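Reproduced below: query.txt, with compact mmCIF, C-alpha atoms and all ligand atoms.
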```
# COMPACT_ATOMS: atom_id res chain seq x y z
CA MET Q 1 27.74 -18.98 -24.31
CA GLY Q 2 24.96 -18.75 -21.72
CA ILE Q 3 22.44 -15.92 -21.74
CA LEU Q 4 21.40 -14.15 -18.58
CA HIS Q 5 17.94 -12.64 -18.90
CA ASP Q 6 18.27 -9.70 -16.59
CA TYR Q 7 17.76 -6.00 -16.03
CA TRP Q 8 20.47 -3.59 -14.99
CA ARG Q 9 18.81 -2.55 -11.72
CA SER Q 10 17.41 -5.95 -10.75
CA SER Q 11 19.12 -7.01 -7.53
CA ALA Q 12 18.20 -10.69 -8.03
CA SER Q 13 19.93 -10.50 -11.44
CA TRP Q 14 22.96 -8.84 -9.89
CA ARG Q 15 23.39 -11.85 -7.57
CA VAL Q 16 23.79 -14.02 -10.65
CA ARG Q 17 26.15 -11.57 -12.40
CA ILE Q 18 28.42 -11.64 -9.34
CA ALA Q 19 28.57 -15.45 -9.34
CA LEU Q 20 29.26 -15.47 -13.10
CA ALA Q 21 32.19 -13.12 -12.52
CA VAL Q 22 33.55 -15.05 -9.53
CA LYS Q 23 33.46 -18.32 -11.45
CA GLY Q 24 34.66 -16.85 -14.75
CA ILE Q 25 31.69 -18.18 -16.72
CA ASP Q 26 31.16 -16.79 -20.24
CA TRP Q 27 27.80 -15.10 -20.67
CA ARG Q 28 25.91 -12.34 -22.34
CA SER Q 29 22.95 -10.34 -21.23
CA HIS Q 30 19.47 -10.24 -22.72
CA SER Q 31 17.98 -7.30 -20.95
CA HIS Q 32 14.25 -6.94 -20.16
CA ASP Q 33 13.26 -3.42 -19.20
CA LEU Q 34 11.11 -3.78 -16.09
CA THR Q 35 9.93 -0.16 -16.31
CA ARG Q 36 8.34 -1.10 -19.65
CA ASN Q 37 7.04 -4.44 -18.34
CA GLU Q 38 9.15 -6.37 -20.86
CA GLN Q 39 9.42 -9.22 -18.35
CA ARG Q 40 5.77 -9.95 -19.26
CA ASP Q 41 6.37 -10.09 -23.04
CA ARG Q 42 4.98 -13.24 -24.65
CA ASP Q 43 8.41 -14.45 -25.83
CA TYR Q 44 9.92 -14.14 -22.39
CA LEU Q 45 6.94 -15.83 -20.73
CA THR Q 46 7.57 -18.92 -22.85
CA LEU Q 47 11.02 -19.07 -21.22
CA ASN Q 48 9.88 -18.12 -17.75
CA PRO Q 49 6.12 -18.23 -17.15
CA GLN Q 50 6.61 -16.35 -13.88
CA GLY Q 51 7.60 -13.22 -15.80
CA LEU Q 52 10.47 -12.26 -13.48
CA VAL Q 53 14.19 -11.79 -14.06
CA PRO Q 54 16.68 -13.38 -13.87
CA SER Q 55 16.56 -16.53 -15.99
CA TRP Q 56 19.60 -18.40 -17.20
CA GLU Q 57 19.48 -19.86 -20.73
CA GLU Q 58 22.08 -22.31 -22.08
CA PRO Q 59 23.08 -22.67 -25.76
CA ASP Q 60 20.78 -25.71 -26.25
CA GLY Q 61 17.81 -23.68 -25.00
CA TRP Q 62 17.64 -25.20 -21.52
CA THR Q 63 16.52 -22.46 -19.15
CA VAL Q 64 16.21 -22.13 -15.40
CA SER Q 65 14.69 -19.30 -13.38
CA GLN Q 66 15.01 -18.15 -9.76
CA SER Q 67 18.33 -16.58 -8.84
CA VAL Q 68 19.11 -18.92 -5.95
CA ALA Q 69 18.40 -22.00 -8.08
CA ILE Q 70 20.73 -20.53 -10.71
CA LEU Q 71 23.43 -19.88 -8.09
CA GLU Q 72 23.13 -23.43 -6.78
CA TYR Q 73 23.26 -24.78 -10.35
CA PHE Q 74 26.49 -22.85 -11.01
CA GLU Q 75 27.89 -24.21 -7.76
CA GLU Q 76 27.32 -27.78 -8.90
CA ARG Q 77 28.32 -27.28 -12.51
CA PHE Q 78 31.35 -24.99 -11.90
CA PRO Q 79 32.46 -25.91 -8.38
CA THR Q 80 35.60 -23.75 -8.24
CA PRO Q 81 36.02 -21.24 -6.86
CA ALA Q 82 33.43 -22.45 -4.39
CA LEU Q 83 30.75 -20.14 -3.02
CA LEU Q 84 29.57 -22.67 -0.46
CA PRO Q 85 31.77 -23.94 2.38
CA VAL Q 86 32.64 -27.63 2.74
CA SER Q 87 30.97 -28.75 5.95
CA PRO Q 88 27.24 -29.52 5.90
CA ARG Q 89 26.63 -27.27 8.91
CA ALA Q 90 28.45 -24.32 7.37
CA ARG Q 91 26.60 -24.86 4.08
CA ALA Q 92 23.29 -24.82 5.94
CA GLU Q 93 24.30 -21.60 7.72
CA VAL Q 94 25.17 -19.89 4.44
CA ARG Q 95 21.88 -21.04 2.90
CA SER Q 96 20.03 -19.72 5.92
CA LEU Q 97 21.59 -16.27 5.39
CA VAL Q 98 20.78 -16.44 1.67
CA GLN Q 99 17.17 -17.25 2.46
CA ILE Q 100 16.77 -14.37 4.90
CA ILE Q 101 17.56 -12.11 1.95
CA ALA Q 102 16.07 -14.01 -0.96
CA CYS Q 103 12.92 -15.35 0.74
CA ASP Q 104 12.12 -12.94 3.55
CA ILE Q 105 13.37 -9.50 2.48
CA HIS Q 106 13.53 -9.20 -1.29
CA PRO Q 107 10.09 -10.60 -2.28
CA LEU Q 108 8.26 -8.09 -0.09
CA ASN Q 109 10.03 -5.20 -1.79
CA ASN Q 110 9.76 -6.39 -5.34
CA LEU Q 111 8.37 -4.26 -8.16
CA ARG Q 112 5.14 -6.25 -8.55
CA VAL Q 113 4.48 -5.94 -4.81
CA THR Q 114 5.12 -2.19 -4.68
CA ARG Q 115 3.05 -1.75 -7.86
CA HIS Q 116 0.19 -3.63 -6.18
CA LEU Q 117 0.48 -1.38 -3.13
CA ARG Q 118 0.17 1.66 -5.38
CA GLU Q 119 -2.58 0.37 -7.67
CA GLN Q 120 -4.83 -1.58 -5.27
CA TRP Q 121 -4.19 0.25 -2.01
CA GLN Q 122 -3.42 3.77 -3.28
CA ALA Q 123 -0.09 3.90 -1.46
CA ASP Q 124 1.94 6.99 -2.38
CA ASP Q 125 5.75 7.13 -2.61
CA ASP Q 126 6.18 7.78 1.12
CA ARG Q 127 4.06 4.80 2.08
CA VAL Q 128 5.72 2.51 -0.42
CA ASN Q 129 9.15 3.54 0.85
CA ALA Q 130 8.04 3.02 4.46
CA TRP Q 131 6.85 -0.50 3.53
CA VAL Q 132 10.09 -1.33 1.74
CA CYS Q 133 12.27 -0.01 4.56
CA HIS Q 134 10.21 -1.79 7.23
CA TRP Q 135 10.81 -5.22 5.69
CA MET Q 136 14.40 -4.39 4.86
CA ARG Q 137 14.99 -3.42 8.49
CA GLU Q 138 13.37 -6.60 9.85
CA GLY Q 139 15.73 -8.73 7.80
CA PHE Q 140 18.80 -6.59 8.40
CA ILE Q 141 18.32 -6.77 12.20
CA ALA Q 142 18.72 -10.55 11.99
CA LEU Q 143 21.59 -10.34 9.50
CA GLU Q 144 23.46 -7.77 11.60
CA GLU Q 145 23.18 -10.02 14.65
CA ARG Q 146 24.35 -13.06 12.67
CA ALA Q 147 27.26 -11.06 11.24
CA LEU Q 148 28.28 -9.79 14.69
CA ARG Q 149 28.19 -13.28 16.19
CA GLN Q 150 30.41 -14.78 13.55
CA GLY Q 151 32.90 -11.94 13.86
CA SER Q 152 34.27 -11.33 10.34
CA ALA Q 153 34.43 -7.75 9.09
CA ARG Q 154 34.78 -8.88 5.48
CA HIS Q 155 32.21 -11.61 4.96
CA LEU Q 156 28.72 -12.44 6.15
CA HIS Q 157 29.81 -16.00 6.90
CA GLY Q 158 33.30 -17.17 7.85
CA GLU Q 159 36.46 -15.89 6.24
CA SER Q 160 35.75 -16.55 2.60
CA LEU Q 161 33.35 -15.40 -0.05
CA THR Q 162 30.02 -17.23 -0.06
CA LEU Q 163 26.57 -17.03 -1.61
CA ALA Q 164 25.52 -15.03 1.46
CA ASP Q 165 27.89 -12.23 0.39
CA VAL Q 166 26.66 -12.52 -3.18
CA CYS Q 167 23.11 -11.82 -1.96
CA LEU Q 168 24.03 -9.19 0.64
CA VAL Q 169 25.58 -6.55 -1.61
CA PRO Q 170 22.62 -6.24 -4.04
CA GLN Q 171 20.25 -6.02 -1.05
CA LEU Q 172 22.32 -3.20 0.49
CA TYR Q 173 22.15 -1.49 -2.90
CA ASN Q 174 18.35 -1.74 -2.76
CA ALA Q 175 18.34 -0.27 0.75
CA LYS Q 176 20.24 2.78 -0.47
CA ARG Q 177 18.08 3.05 -3.56
CA PHE Q 178 14.93 3.28 -1.44
CA GLY Q 179 16.54 5.62 1.09
CA CYS Q 180 16.37 3.10 3.98
CA SER Q 181 18.58 4.00 6.92
CA LEU Q 182 21.53 1.69 7.48
CA ASP Q 183 22.67 3.48 10.66
CA ASP Q 184 21.83 0.48 12.85
CA PHE Q 185 23.72 -1.96 10.66
CA PRO Q 186 27.40 -0.93 10.82
CA THR Q 187 28.67 -4.49 10.47
CA LEU Q 188 26.66 -5.12 7.32
CA VAL Q 189 27.74 -1.77 5.89
CA GLY Q 190 31.40 -2.58 6.63
CA ILE Q 191 31.14 -6.00 5.01
CA GLY Q 192 29.34 -4.45 2.05
CA ALA Q 193 32.11 -1.85 1.62
CA HIS Q 194 34.78 -4.55 1.57
CA LEU Q 195 32.87 -6.75 -0.88
CA SER Q 196 32.04 -3.84 -3.18
CA SER Q 197 35.76 -3.26 -3.68
CA LEU Q 198 36.21 -6.76 -5.13
CA THR Q 199 36.31 -6.97 -8.91
CA ALA Q 200 33.46 -9.49 -9.19
CA PHE Q 201 31.15 -7.08 -7.39
CA ALA Q 202 32.45 -3.80 -8.82
CA SER Q 203 32.50 -4.97 -12.43
CA THR Q 204 28.91 -6.28 -12.31
CA ARG Q 205 27.25 -3.45 -10.42
CA PRO Q 206 24.04 -2.08 -11.92
CA GLU Q 207 25.64 1.12 -13.20
CA SER Q 208 28.26 -0.93 -15.09
CA HIS Q 209 25.59 -2.88 -16.97
CA LEU Q 210 25.65 -2.25 -20.73
CA ASP Q 211 21.96 -1.32 -20.65
CA ALA Q 212 22.16 1.04 -17.69
CA PRO Q 213 21.19 4.62 -18.56
CA ARG Q 214 24.27 6.77 -19.17
N1 LIG T 301 12.75 -14.98 -6.25
C1 LIG T 301 13.09 -14.46 -7.54
C2 LIG T 301 12.74 -13.01 -7.58
C3 LIG T 301 12.88 -12.45 -8.96
C4 LIG T 301 12.37 -11.04 -9.00
O1 LIG T 301 11.50 -10.66 -8.22
N2 LIG T 301 12.89 -10.25 -9.92
C5 LIG T 301 12.45 -8.89 -10.04
C6 LIG T 301 13.63 -7.99 -10.31
S1 LIG T 301 14.77 -8.01 -8.95
C7 LIG T 301 11.47 -8.79 -11.18
O2 LIG T 301 11.62 -9.44 -12.19
N3 LIG T 301 10.45 -7.94 -11.01
C8 LIG T 301 9.48 -7.72 -12.03
C9 LIG T 301 8.10 -7.61 -11.47
O3 LIG T 301 7.96 -7.58 -10.24
O4 LIG T 301 7.18 -7.57 -12.27
C10 LIG T 301 14.57 -14.69 -7.82
O5 LIG T 301 15.34 -14.73 -6.85
O6 LIG T 301 14.95 -14.83 -8.98
```

Whole structure given in structure tokens:
Amino acid sequence: MGILHDYWRSSASWRVRIALAVKGIDWRSHSHDLTRNEQRDRDYLTLNPQGLVPSWEEPDGWTVSQSVAILEYFEERFPTPALLPVSPRARAEVRSLVQIIACDIHPLNNLRVTRHLREQWQADDDRVNAWVCHWMREGFIALEERALRQGSARHLHGESLTLADVCLVPQLYNAKRFGCSLDDFPTLVGIGAHLSSLTAFASTRPESHLDAPR
């Protein structure tokens, strides 16, 4: 059985948990408490020198980090049900949506970035939240427009579930967590509501994680 090194509230880890559920892959969690900096423990750094979750570890010890690399690996190794469309153009479009979230929104709002803002630049909670919501908004403006243009009320791309949806829901969760307004993003909110009702999303949500505080 594979091991997902994760943390209950990590949105990058949640992406992977959703894909595991969609594809019916057996796994267990090894949780690293980010509030206690356990992602920087020596043992974990030997697995992932970057000291971030998630990482995916297979029974023979082979390990890969970076949520999108893990998602793409699952796609190749367990192709059905597919989370990428068939045509090269559609695949590129889905990957473009994924990268808006995974490359251009999430990294700017990550714990190590917000910690740096606090420690090096004396940002208080209000300033940190303003920073987070600014970058969230920038990305969501583009995603909302893309969602409107393609016209589905249930998915970020086309009429079936894709990696773009897998990345969207955890990012919307982050927006709510930081108190960022979603008023200007009704299409994204609607898509998020539909997706959140699906078992693969509902069963893997942060609050359902075994290590979430009760
Ligand atoms: N690009 C990475 C981002 C991973 C990442 O930033 N993970 C966060 C949790 S969502 C983390 O481990 N933060 C710990 C820290 O910033 O020290 C991925 O997609 O896996």

Exercise. Residues at most 8 Å from stretch 178-188 of chain Q, counting all atoms listed in the file, excluding those fewer than 6 positions away in the same chain, as a ChimeraX atom specification?
Worked result: /Q:129,132-133,136,140-141,143-144,147-148,153,156

How about saving the chosen residues, C-alpha atoms kept, as a PDB file, in the frame of the given file?
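The resulting result_26.pdb:
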```
ATOM      1  CA  ASN Q 129       9.150   3.540   0.850  1.00  0.00           C
ATOM      2  CA  VAL Q 132      10.090  -1.330   1.740  1.00  0.00           C
ATOM      3  CA  CYS Q 133      12.270  -0.010   4.560  1.00  0.00           C
ATOM      4  CA  MET Q 136      14.400  -4.390   4.860  1.00  0.00           C
ATOM      5  CA  PHE Q 140      18.800  -6.590   8.400  1.00  0.00           C
ATOM      6  CA  ILE Q 141      18.320  -6.770  12.200  1.00  0.00           C
ATOM      7  CA  LEU Q 143      21.590 -10.340   9.500  1.00  0.00           C
ATOM      8  CA  GLU Q 144      23.460  -7.770  11.600  1.00  0.00           C
ATOM      9  CA  ALA Q 147      27.260 -11.060  11.240  1.00  0.00           C
ATOM     10  CA  LEU Q 148      28.280  -9.790  14.690  1.00  0.00           C
ATOM     11  CA  ALA Q 153      34.430  -7.750   9.090  1.00  0.00           C
ATOM     12  CA  LEU Q 156      28.720 -12.440   6.150  1.00  0.00           C
TER      13      LEU Q 156
END
```

For this session: Residues within 9 Å of ligand LIG 301 (chain T), counting only C-alpha atoms and all ligand atoms: report them as a VMD selection string.
Result: chain Q and resid 6 to 7 9 to 15 32 34 to 35 37 to 40 50 to 55 65 to 70 102 to 103 106 to 107 109 to 115

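Atom CA of Q:Leu198 sits 14.6 Å away from atom CA of Q:Glu159.
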
Exercise. Which of these, Q:Ile100, Q:Leu163, Q:Ala175, Q:Val94, has the shortest distance to Q:Ala130 once you count all atoms listed in the file?
Worked result: Q:Ala175

For this session: Could you tell me how far atom CA of Q:Leu20 lies from atom CA of Q:Phe201, in Å and to one decimal?
Result: 10.3 Å

Exercise. Got a sec: who's within 7 Å of Q:Leu97, counting only C-alpha atoms, leaving out chain neighbours fewer than 4 positions off, as a PyMOL selection string?
Worked result: chain Q and resi 93+101+164

Problem set entry | Nearest candidate to Q:Ala21 (options Q:Tyr173, Q:Trp62, Q:Phe74, Q:Trp8; using only C-alpha atoms) |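 Between Q:Tyr173, Q:Trp62, Q:Phe74, Q:Trp8, the residue approaching Q:Ala21 most closely is Q:Phe74.
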
Exercise. What is the distance between atom CA of Q:Leu45 and atom CA of Q:His5, in Å to one decimal?
Worked result: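 Calculated distance between atom CA of Q:Leu45 and atom CA of Q:His5 is 11.6 Å.
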
Give the centre and edge lengths of an axis-aligned box, in Å to one decimal, that holds all listed atoms of stretch 157-164 of chain Q with 8 Å on each side, as JSON.
```
{"center_x": 31.0, "center_y": -16.1, "center_z": 3.1, "size_x": 26.9, "size_y": 18.2, "size_z": 25.5}
```

Problem set entry | Minimum-distance residue to Q:Leu195, chosen among Q:Ile18, Q:Val64, Q:Ala142, Q:Leu210 (using all atoms listed in the file) | Q:Ile18

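Among Q:Gly2, Q:Gly139, Q:Pro170, Q:Gly158, the residue with the shortest atom-to-atom distance to Q:Arg91, counting all atoms listed in the file, is Q:Gly158.
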
For this session: Go through Q:Arg95, Q:Arg118, Q:Arg77, Q:Arg146 one by one, measure the shortest atom-to-atom distance of each to Q:Cys167 using only C-alpha atoms, and give the residue with the smallest value.
Result: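 Of Q:Arg95, Q:Arg118, Q:Arg77, Q:Arg146, the one nearest Q:Cys167, counting only C-alpha atoms, is Q:Arg95.
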
Exercise. Between Q:Pro88, Q:Val169, Q:Asn48, Q:Gln120, which is the closest to Q:Ser197 once you count only C-alpha atoms?
Worked result: Q:Val169

Once N, CA and C atoms are restored for stretch 4-27 of chain Q, what would the output be as a PDB file, in the coordinates of the input?
```pdb
ATOM      1  N   LEU Q   4      22.100 -14.542 -19.797  1.00  0.00           N
ATOM      2  CA  LEU Q   4      21.400 -14.150 -18.580  1.00  0.00           C
ATOM      3  C   LEU Q   4      20.301 -13.165 -18.953  1.00  0.00           C
ATOM      4  N   HIS Q   5      19.065 -13.556 -18.723  1.00  0.00           N
ATOM      5  CA  HIS Q   5      17.940 -12.640 -18.900  1.00  0.00           C
ATOM      6  C   HIS Q   5      17.877 -11.806 -17.631  1.00  0.00           C
ATOM      7  N   ASP Q   6      18.136 -10.522 -17.780  1.00  0.00           N
ATOM      8  CA  ASP Q   6      18.270  -9.700 -16.590  1.00  0.00           C
ATOM      9  C   ASP Q   6      17.788  -8.277 -16.850  1.00  0.00           C
ATOM     10  N   TYR Q   7      18.035  -7.421 -15.898  1.00  0.00           N
ATOM     11  CA  TYR Q   7      17.760  -6.000 -16.030  1.00  0.00           C
ATOM     12  C   TYR Q   7      18.798  -5.303 -15.169  1.00  0.00           C
ATOM     13  N   TRP Q   8      19.294  -4.176 -15.659  1.00  0.00           N
ATOM     14  CA  TRP Q   8      20.470  -3.590 -14.990  1.00  0.00           C
ATOM     15  C   TRP Q   8      20.255  -3.353 -13.497  1.00  0.00           C
ATOM     16  N   ARG Q   9      19.022  -2.927 -13.119  1.00  0.00           N
ATOM     17  CA  ARG Q   9      18.810  -2.550 -11.720  1.00  0.00           C
ATOM     18  C   ARG Q   9      18.200  -3.667 -10.882  1.00  0.00           C
ATOM     19  N   SER Q  10      17.992  -4.825 -11.490  1.00  0.00           N
ATOM     20  CA  SER Q  10      17.410  -5.950 -10.750  1.00  0.00           C
ATOM     21  C   SER Q  10      18.445  -6.545  -9.797  1.00  0.00           C
ATOM     22  N   SER Q  11      18.139  -6.515  -8.500  1.00  0.00           N
ATOM     23  CA  SER Q  11      19.120  -7.010  -7.530  1.00  0.00           C
ATOM     24  C   SER Q  11      19.221  -8.536  -7.583  1.00  0.00           C
ATOM     25  N   ALA Q  12      18.122  -9.226  -7.908  1.00  0.00           N
ATOM     26  CA  ALA Q  12      18.200 -10.690  -8.030  1.00  0.00           C
ATOM     27  C   ALA Q  12      19.092 -11.063  -9.216  1.00  0.00           C
ATOM     28  N   SER Q  13      19.047 -10.254 -10.283  1.00  0.00           N
ATOM     29  CA  SER Q  13      19.930 -10.500 -11.440  1.00  0.00           C
ATOM     30  C   SER Q  13      21.385 -10.219 -11.073  1.00  0.00           C
ATOM     31  N   TRP Q  14      21.580  -9.174 -10.278  1.00  0.00           N
ATOM     32  CA  TRP Q  14      22.960  -8.840  -9.890  1.00  0.00           C
ATOM     33  C   TRP Q  14      23.613  -9.995  -9.126  1.00  0.00           C
ATOM     34  N   ARG Q  15      22.826 -10.681  -8.273  1.00  0.00           N
ATOM     35  CA  ARG Q  15      23.390 -11.850  -7.570  1.00  0.00           C
ATOM     36  C   ARG Q  15      24.038 -12.796  -8.580  1.00  0.00           C
ATOM     37  N   VAL Q  16      23.298 -13.057  -9.660  1.00  0.00           N
ATOM     38  CA  VAL Q  16      23.790 -14.020 -10.650  1.00  0.00           C
ATOM     39  C   VAL Q  16      25.007 -13.466 -11.382  1.00  0.00           C
ATOM     40  N   ARG Q  17      24.992 -12.164 -11.710  1.00  0.00           N
ATOM     41  CA  ARG Q  17      26.150 -11.570 -12.400  1.00  0.00           C
ATOM     42  C   ARG Q  17      27.412 -11.689 -11.540  1.00  0.00           C
ATOM     43  N   ILE Q  18      27.249 -11.516 -10.222  1.00  0.00           N
ATOM     44  CA  ILE Q  18      28.420 -11.640  -9.340  1.00  0.00           C
ATOM     45  C   ILE Q  18      28.981 -13.063  -9.407  1.00  0.00           C
ATOM     46  N   ALA Q  19      28.099 -14.053  -9.313  1.00  0.00           N
ATOM     47  CA  ALA Q  19      28.570 -15.450  -9.340  1.00  0.00           C
ATOM     48  C   ALA Q  19      29.213 -15.774 -10.689  1.00  0.00           C
ATOM     49  N   LEU Q  20      28.663 -15.251 -11.779  1.00  0.00           N
ATOM     50  CA  LEU Q  20      29.260 -15.470 -13.100  1.00  0.00           C
ATOM     51  C   LEU Q  20      30.685 -14.927 -13.128  1.00  0.00           C
ATOM     52  N   ALA Q  21      30.856 -13.735 -12.538  1.00  0.00           N
ATOM     53  CA  ALA Q  21      32.190 -13.120 -12.520  1.00  0.00           C
ATOM     54  C   ALA Q  21      33.143 -13.907 -11.628  1.00  0.00           C
ATOM     55  N   VAL Q  22      32.677 -14.294 -10.448  1.00  0.00           N
ATOM     56  CA  VAL Q  22      33.550 -15.050  -9.530  1.00  0.00           C
ATOM     57  C   VAL Q  22      34.032 -16.327 -10.203  1.00  0.00           C
ATOM     58  N   LYS Q  23      33.127 -17.000 -10.895  1.00  0.00           N
ATOM     59  CA  LYS Q  23      33.460 -18.320 -11.450  1.00  0.00           C
ATOM     60  C   LYS Q  23      34.034 -18.230 -12.873  1.00  0.00           C
ATOM     61  N   GLY Q  24      34.080 -17.020 -13.419  1.00  0.00           N
ATOM     62  CA  GLY Q  24      34.660 -16.850 -14.750  1.00  0.00           C
ATOM     63  C   GLY Q  24      33.866 -17.540 -15.845  1.00  0.00           C
ATOM     64  N   ILE Q  25      32.555 -17.531 -15.719  1.00  0.00           N
ATOM     65  CA  ILE Q  25      31.690 -18.180 -16.720  1.00  0.00           C
ATOM     66  C   ILE Q  25      31.395 -17.166 -17.836  1.00  0.00           C
ATOM     67  N   ASP Q  26      31.482 -17.644 -19.083  1.00  0.00           N
ATOM     68  CA  ASP Q  26      31.160 -16.790 -20.240  1.00  0.00           C
ATOM     69  C   ASP Q  26      29.657 -16.584 -20.336  1.00  0.00           C
ATOM     70  N   TRP Q  27      29.242 -15.362 -20.577  1.00  0.00           N
ATOM     71  CA  TRP Q  27      27.800 -15.100 -20.670  1.00  0.00           C
ATOM     72  C   TRP Q  27      27.566 -13.806 -21.415  1.00  0.00           C
TER      73      TRP Q  27
END
```
